[in-house]
file start.pdb (PDB, C-alpha atoms)
ATOM      1  CA  MET V  22     -39.656  18.426   0.437
ATOM      2  CA  GLY V  23     -38.583  14.879   1.015
ATOM      3  CA  ASP V  24     -36.797  14.410  -2.336
ATOM      4  CA  HIS V  25     -34.711  11.244  -2.165
ATOM      5  CA  ALA V  26     -32.623   9.742  -4.927
ATOM      6  CA  PRO V  27     -32.369   6.041  -4.093
ATOM      7  CA  GLU V  28     -31.536   5.252  -7.727
ATOM      8  CA  THR V  29     -28.188   7.140  -7.408
ATOM      9  CA  PRO V  30     -25.879   5.150  -5.121
ATOM     10  CA  GLU V  31     -23.086   6.930  -3.266
ATOM     11  CA  PRO V  32     -19.574   6.148  -4.514
ATOM     12  CA  PHE V  33     -17.385   4.062  -2.210
ATOM     13  CA  ASP V  34     -15.414   6.038   0.340
ATOM     14  CA  VAL V  35     -11.706   6.064  -0.592
ATOM     15  CA  LYS V  36     -10.771   5.336   3.022
ATOM     16  CA  LYS V  37     -12.928   2.206   2.944
ATOM     17  CA  VAL V  38     -11.273   1.067  -0.281
ATOM     18  CA  LYS V  39      -7.820   1.605   1.267
ATOM     19  CA  TYR V  40      -8.917  -0.369   4.322
ATOM     20  CA  LEU V  41     -10.127  -3.214   2.099
ATOM     21  CA  VAL V  42      -6.755  -3.262   0.328
ATOM     22  CA  ARG V  43      -4.987  -3.522   3.711
ATOM     23  CA  LEU V  44      -7.236  -6.415   4.714
ATOM     24  CA  MET V  45      -6.529  -8.164   1.410
ATOM     25  CA  LYS V  46      -2.785  -7.900   2.070
ATOM     26  CA  HIS V  47      -3.104  -8.973   5.714
ATOM     27  CA  TYR V  48      -5.126 -12.088   4.861
ATOM     28  CA  ASP V  49      -3.212 -12.719   1.619
ATOM     29  CA  LEU V  50      -6.310 -12.364  -0.575
ATOM     30  CA  THR V  51      -5.835 -11.720  -4.289
ATOM     31  CA  ASP V  52      -9.441 -11.033  -5.235
ATOM     32  CA  LEU V  53     -12.317  -9.282  -3.438
ATOM     33  CA  ASP V  54     -15.819  -8.578  -4.759
ATOM     34  CA  ILE V  55     -18.317  -6.624  -2.631
ATOM     35  CA  THR V  56     -21.856  -5.585  -3.552
ATOM     36  CA  ASP V  57     -23.779  -3.077  -1.442
ATOM     37  CA  GLY V  58     -27.177  -2.400  -2.981
ATOM     38  CA  ALA V  59     -26.551  -1.105  -6.506
ATOM     39  CA  ALA V  60     -22.893  -0.271  -5.795
ATOM     40  CA  ARG V  61     -20.211  -2.885  -6.465
ATOM     41  CA  ILE V  62     -16.459  -2.941  -5.905
ATOM     42  CA  HIS V  63     -14.080  -5.537  -7.294
ATOM     43  CA  LEU V  64     -10.445  -5.464  -6.122
ATOM     44  CA  GLN V  65      -7.600  -7.639  -7.355
ATOM     45  CA  ARG V  66      -4.192  -7.645  -5.720
ATOM     46  CA  ARG V  67      -1.232  -8.324  -7.940
ATOM     47  CA  GLY V  68       0.926 -11.342  -7.325
ATOM     48  CA  PRO V  69       4.707 -11.591  -7.774
ATOM     49  CA  GLU V  70       4.258 -12.827 -11.343
ATOM     50  CA  SER V  71       2.385  -9.647 -12.364
ATOM     51  CA  ALA V  72       4.312  -7.013 -10.396
ATOM     52  CA  ALA V  73       4.039  -4.428 -13.190
ATOM     53  CA  LEU V  74       0.227  -4.442 -13.218
ATOM     54  CA  PRO V  75      -1.725  -2.077 -10.919
ATOM     55  CA  PRO V  76      -4.585  -3.502  -8.849
ATOM     56  CA  ALA V  77      -7.884  -3.610 -10.768
ATOM     57  CA  PHE V  78     -10.775  -1.411  -9.687
ATOM     58  CA  ASN V  79     -14.168  -1.786 -11.340
ATOM     59  CA  PRO V  80     -16.774   0.945 -10.718
ATOM     60  CA  PRO V  81     -20.293  -0.152  -9.757
ATOM     61  CA  PRO V  82     -22.817  -0.776 -12.515
ATOM     62  CA  GLY V  83     -25.364   1.921 -13.162
ATOM     63  CA  PRO V  84     -24.536   5.637 -12.978
ATOM     64  CA  SER V  85     -21.001   6.410 -14.015
ATOM     65  CA  TYR V  86     -18.607   7.813 -11.398
ATOM     66  CA  ALA V  87     -15.183   9.306 -11.969
ATOM     67  CA  TYR V  88     -12.932   7.087  -9.871
ATOM     68  CA  PRO V  89      -9.281   8.059  -9.784
ATOM     69  CA  GLN V  90      -7.190   5.643 -11.801
ATOM     70  CA  PRO V  91      -3.599   4.961 -10.763
ATOM     71  CA  PRO V  92      -1.257   6.880 -13.061
ATOM     72  CA  ALA V  93       1.014   4.774 -15.264
ATOM     73  CA  PRO V  94       4.337   6.590 -14.519
ATOM     74  CA  PRO V  95       4.572   5.568 -10.811
ATOM     75  CA  VAL V  96       4.201   1.907 -11.812
ATOM     76  CA  ALA V  97       7.044   2.295 -14.309
ATOM     77  CA  ALA V  98       9.205   4.431 -11.976
ATOM     78  CA  PRO V  99      10.549   1.537  -9.825
ATOM     79  CA  GLN V 100      11.754  -0.316 -12.938
ATOM     80  CA  PRO V 101      14.798   1.958 -13.574
ATOM     81  CA  ALA V 102      15.789   1.587  -9.911
ATOM     82  CA  ALA V 103      15.527  -2.194 -10.270
ATOM     83  CA  ALA V 104      17.835  -2.016 -13.296
ATOM     84  CA  GLU V 105      20.459  -0.265 -11.147
ATOM     85  CA  ALA V 106      20.280  -2.883  -8.364
ATOM     86  CA  PRO V 107      22.364  -5.599 -10.121
ATOM     87  CA  ALA V 108      25.383  -3.232 -10.261
ATOM     88  CA  GLY V 109      25.843  -3.508  -6.459
ATOM     89  CA  PRO V 110      25.319  -6.393  -4.068
ATOM     90  CA  LYS V 111      22.109  -8.402  -4.475
ATOM     91  CA  THR V 112      19.336  -6.723  -2.475
ATOM     92  CA  ILE V 113      15.815  -7.564  -1.407
ATOM     93  CA  VAL V 114      13.224  -4.810  -1.679
ATOM     94  CA  VAL V 115      10.891  -4.354   1.294
ATOM     95  CA  GLU V 116       7.596  -2.997  -0.047
ATOM     96  CA  SER V 117       4.784  -1.153   1.691
ATOM     97  CA  PRO V 118       2.059  -3.637   2.655
ATOM     98  CA  MET V 119      -0.536  -0.867   2.716
ATOM     99  CA  VAL V 120      -1.482   2.662   1.701
ATOM    100  CA  GLY V 121      -0.699   5.331   4.283
ATOM    101  CA  THR V 122       1.904   7.737   5.616
ATOM    102  CA  TYR V 123       5.456   6.467   6.242
ATOM    103  CA  TYR V 124       7.189   7.376   9.510
ATOM    104  CA  SER V 125      10.820   6.447  10.206
ATOM    105  CA  SER V 126      10.445   6.730  14.001
ATOM    106  CA  SER V 127       7.815   6.304  16.700
ATOM    107  CA  ALA V 128       7.766  10.050  17.479
ATOM    108  CA  PRO V 129       9.141  13.203  15.801
ATOM    109  CA  ASP V 130      11.817  13.597  18.491
ATOM    110  CA  SER V 131      12.787   9.885  18.520
ATOM    111  CA  PRO V 132      15.669   8.434  16.483
ATOM    112  CA  PRO V 133      14.703   6.448  13.372
ATOM    113  CA  PHE V 134      14.101   2.718  13.760
ATOM    114  CA  VAL V 135      16.823   1.947  11.184
ATOM    115  CA  SER V 136      19.351   3.752   9.016
ATOM    116  CA  VAL V 137      21.641   2.705   6.170
ATOM    117  CA  GLY V 138      24.025   0.088   7.539
ATOM    118  CA  THR V 139      21.710  -1.131  10.323
ATOM    119  CA  VAL V 140      21.721  -4.924  10.718
ATOM    120  CA  VAL V 141      18.147  -6.220  10.971
ATOM    121  CA  GLN V 142      16.401  -9.493  11.731
ATOM    122  CA  SER V 143      13.120 -10.542  10.109
ATOM    123  CA  THR V 144      11.169  -9.250  13.135
ATOM    124  CA  THR V 145      12.985  -5.886  13.372
ATOM    125  CA  THR V 146      10.611  -2.926  12.992
ATOM    126  CA  LEU V 147      11.756  -0.830  10.024
ATOM    127  CA  CYS V 148       9.124   1.893  10.148
ATOM    128  CA  ILE V 149       5.517   2.736  10.965
ATOM    129  CA  ILE V 150       2.769   3.339   8.418
ATOM    130  CA  GLU V 151      -0.271   5.302   9.532
ATOM    131  CA  ALA V 152      -3.595   4.815   7.802
ATOM    132  CA  MET V 153      -6.914   6.121   9.107
ATOM    133  CA  LYS V 154      -5.372   6.991  12.514
ATOM    134  CA  VAL V 155      -4.060   3.433  12.927
ATOM    135  CA  PHE V 156      -0.284   3.042  13.258
ATOM    136  CA  THR V 157       1.130  -0.252  11.972
ATOM    137  CA  ASP V 158       4.690  -1.451  12.672
ATOM    138  CA  ILE V 159       6.332  -2.755   9.489
ATOM    139  CA  PRO V 160       8.785  -5.623  10.135
ATOM    140  CA  ALA V 161      11.788  -6.315   7.888
ATOM    141  CA  GLY V 162      10.629  -9.806   6.954
ATOM    142  CA  VAL V 163      14.263 -10.630   6.093
ATOM    143  CA  SER V 164      17.579 -10.719   7.945
ATOM    144  CA  GLY V 165      20.349  -8.536   6.561
ATOM    145  CA  THR V 166      21.722  -5.000   6.385
ATOM    146  CA  ILE V 167      19.812  -1.896   5.301
ATOM    147  CA  ALA V 168      21.400  -0.787   2.007
ATOM    148  CA  GLU V 169      19.018   2.038   1.085
ATOM    149  CA  ILE V 170      15.989   3.870   2.459
ATOM    150  CA  LEU V 171      13.772   4.834  -0.476
ATOM    151  CA  VAL V 172      11.237   7.144   1.228
ATOM    152  CA  LYS V 173      11.287  10.067   3.661
ATOM    153  CA  SER V 174       9.463  10.336   6.957
ATOM    154  CA  GLY V 175       6.009  11.880   6.538
ATOM    155  CA  GLN V 176       5.785  10.835   2.876
ATOM    156  CA  PRO V 177       2.580   9.160   1.653
ATOM    157  CA  VAL V 178       3.179   5.633   0.342
ATOM    158  CA  GLU V 179       1.159   3.294  -1.840
ATOM    159  CA  PHE V 180       0.540  -0.418  -1.560
ATOM    160  CA  GLY V 181       3.543  -2.271  -3.018
ATOM    161  CA  GLN V 182       5.775   0.830  -3.099
ATOM    162  CA  PRO V 183       9.444   0.007  -2.395
ATOM    163  CA  LEU V 184      10.507   1.329   1.033
ATOM    164  CA  PHE V 185      13.910  -0.257   1.718
ATOM    165  CA  ARG V 186      16.658  -2.240   0.010
ATOM    166  CA  VAL V 187      18.189  -4.895   2.257
ATOM    167  CA  VAL V 188      21.353  -6.898   1.574
ATOM    168  CA  PRO V 189      20.354 -10.364   2.838
ATOM    169  CA  ALA V 190      22.504 -12.004   5.520
TER     170      ALA V 190
END

call {"tool": "encode", "arguments": {"input": "start.pdb", "output": "structure tokens"}}
result
Amino acid sequence: MGDHAPETPEPFDVKKVKYLVRLMKHYDLTDLDITDGAARIHLQRRGPESAALPPAFNPPPGPSYAYPQPPAPPVAAPQPAAAEAPAGPKTIVVESPMVGTYYSSSAPDSPPFVSVGTVVQSTTTLCIIEAMKVFTDIPAGVSGTIAEILVKSGQPVEFGQPLFRVVPA
């Protein structure tokens, strides 16, 4: 019958939002505001001074949509692990720069890129994260020795989630 509902905008695709978050990290942006017709998305990436705060997500004005909000417990979960860190040698946490699936090797039958005790340079590939069929090598970013691997291969990871603990060289 030709019924159209232009006054009801479609919610943003979650994959697009995840892609925007990856771009923000890649280009070191802390704030992004996009308007597409009546729909609007505002993203803020936390800085080191506000590590306990989740990124902000504002739904578009107009009709109300139920956007998933990040649960509070996962944000608080890394804090107990951080409290344990001072007991051993000083470590640097390597965090996920994006949302996706963590893989410890380039193929299921290949050995992992690193294991506990592996000495790494800042350019050493620690893992691969797959998002939207794109595989991204994750470099160590620091020279040292892998002290702990905090995730398992095939596990979904979030932006900023701790992946490795490295004892700096």

call {"tool": "closest_residue", "arguments": {"input": "start.pdb", "among": "V:Pro189, V:Pro133, V:Gly58, V:Pro160", "to": "V:Pro110", "atoms": "all atoms listed in the file"}}
result
V:Pro189

call {"tool": "closest_residue", "arguments": {"input": "start.pdb", "among": "V:Ala161, V:Met119, V:Leu147, V:Ile55", "to": "V:Pro177", "atoms": "only C-alpha atoms"}}
result
V:Met119

call {"tool": "resolve_selection", "arguments": {"input": "start.pdb", "expression": "the PyMOL selection byres ((chain V and resi 38-48) around 8)", "output": "number ranges by chain"}}
result
V: 33-37, 49-53, 64, 66, 118-120

call {"tool": "atom_distance", "arguments": {"input": "start.pdb", "atom1": "atom CA of V:Val115", "atom2": "atom CA of V:Gly175"}}
result
17.7 Å

call {"tool": "atom_distance", "arguments": {"input": "start.pdb", "atom1": "atom CA of V:Val137", "atom2": "atom CA of V:Ser164"}}
result
14.1 Å

call {"tool": "resolve_selection", "arguments": {"input": "start.pdb", "expression": "the PyMOL selection byres ((chain V and resi 138) around 9)", "output": "mmCIF file with C-alpha atoms, in the coordinates of the input"}}
result
data_model
loop_
_atom_site.group_PDB
_atom_site.id
_atom_site.type_symbol
_atom_site.label_atom_id
_atom_site.label_comp_id
_atom_site.auth_asym_id
_atom_site.auth_seq_id
_atom_site.Cartn_x
_atom_site.Cartn_y
_atom_site.Cartn_z
ATOM 1 C CA VAL V 135 16.823 1.947 11.184
ATOM 2 C CA SER V 136 19.351 3.752 9.016
ATOM 3 C CA VAL V 137 21.641 2.705 6.170
ATOM 4 C CA THR V 139 21.710 -1.131 10.323
ATOM 5 C CA VAL V 140 21.721 -4.924 10.718
ATOM 6 C CA THR V 166 21.722 -5.000 6.385
ATOM 7 C CA ILE V 167 19.812 -1.896 5.301
ATOM 8 C CA ALA V 168 21.400 -0.787 2.007
ATOM 9 C CA GLU V 169 19.018 2.038 1.085
#

call {"tool": "atom_distance", "arguments": {"input": "start.pdb", "atom1": "atom CA of V:Ile170", "atom2": "atom CA of V:Leu184"}}
result
6.2 Å

call {"tool": "residues_near_point", "arguments": {"input": "start.pdb", "point": "(14.0, -3.4, -0.4)", "cutoff": "6 Å", "atoms": "all atoms listed in the file", "output": "ChimeraX atom specification"}}
result
/V:113-115,185-187

call {"tool": "closest_residue", "arguments": {"input": "start.pdb", "among": "V:Thr122, V:Val172, V:Pro129, V:Pro183", "to": "V:Met153", "atoms": "all atoms listed in the file"}}
result
V:Thr122

call {"tool": "residues_around", "arguments": {"input": "start.pdb", "residues": "V:Tyr123", "least_positions_apart": "4", "cutoff": "10 Å", "atoms": "only C-alpha atoms", "output": "tab-separated table (two decimals) with C-alpha atoms, in the coordinates of the input"}}
result
chain	number	residue	atom	x	y	z
V	117	SER	CA	4.78	-1.15	1.69
V	148	CYS	CA	9.12	1.89	10.15
V	149	ILE	CA	5.52	2.74	10.96
V	150	ILE	CA	2.77	3.34	8.42
V	151	GLU	CA	-0.27	5.30	9.53
V	152	ALA	CA	-3.60	4.82	7.80
V	156	PHE	CA	-0.28	3.04	13.26
V	157	THR	CA	1.13	-0.25	11.97
V	159	ILE	CA	6.33	-2.76	9.49
V	172	VAL	CA	11.24	7.14	1.23
V	173	LYS	CA	11.29	10.07	3.66
V	174	SER	CA	9.46	10.34	6.96
V	175	GLY	CA	6.01	11.88	6.54
V	176	GLN	CA	5.78	10.84	2.88
V	177	PRO	CA	2.58	9.16	1.65
V	178	VAL	CA	3.18	5.63	0.34
V	179	GLU	CA	1.16	3.29	-1.84
V	184	LEU	CA	10.51	1.33	1.03

call {"tool": "closest_residue", "arguments": {"input": "start.pdb", "among": "V:Val163, V:Gln182, V:Val141, V:Leu171", "to": "V:Ser125", "atoms": "all atoms listed in the file"}}
result
V:Leu171
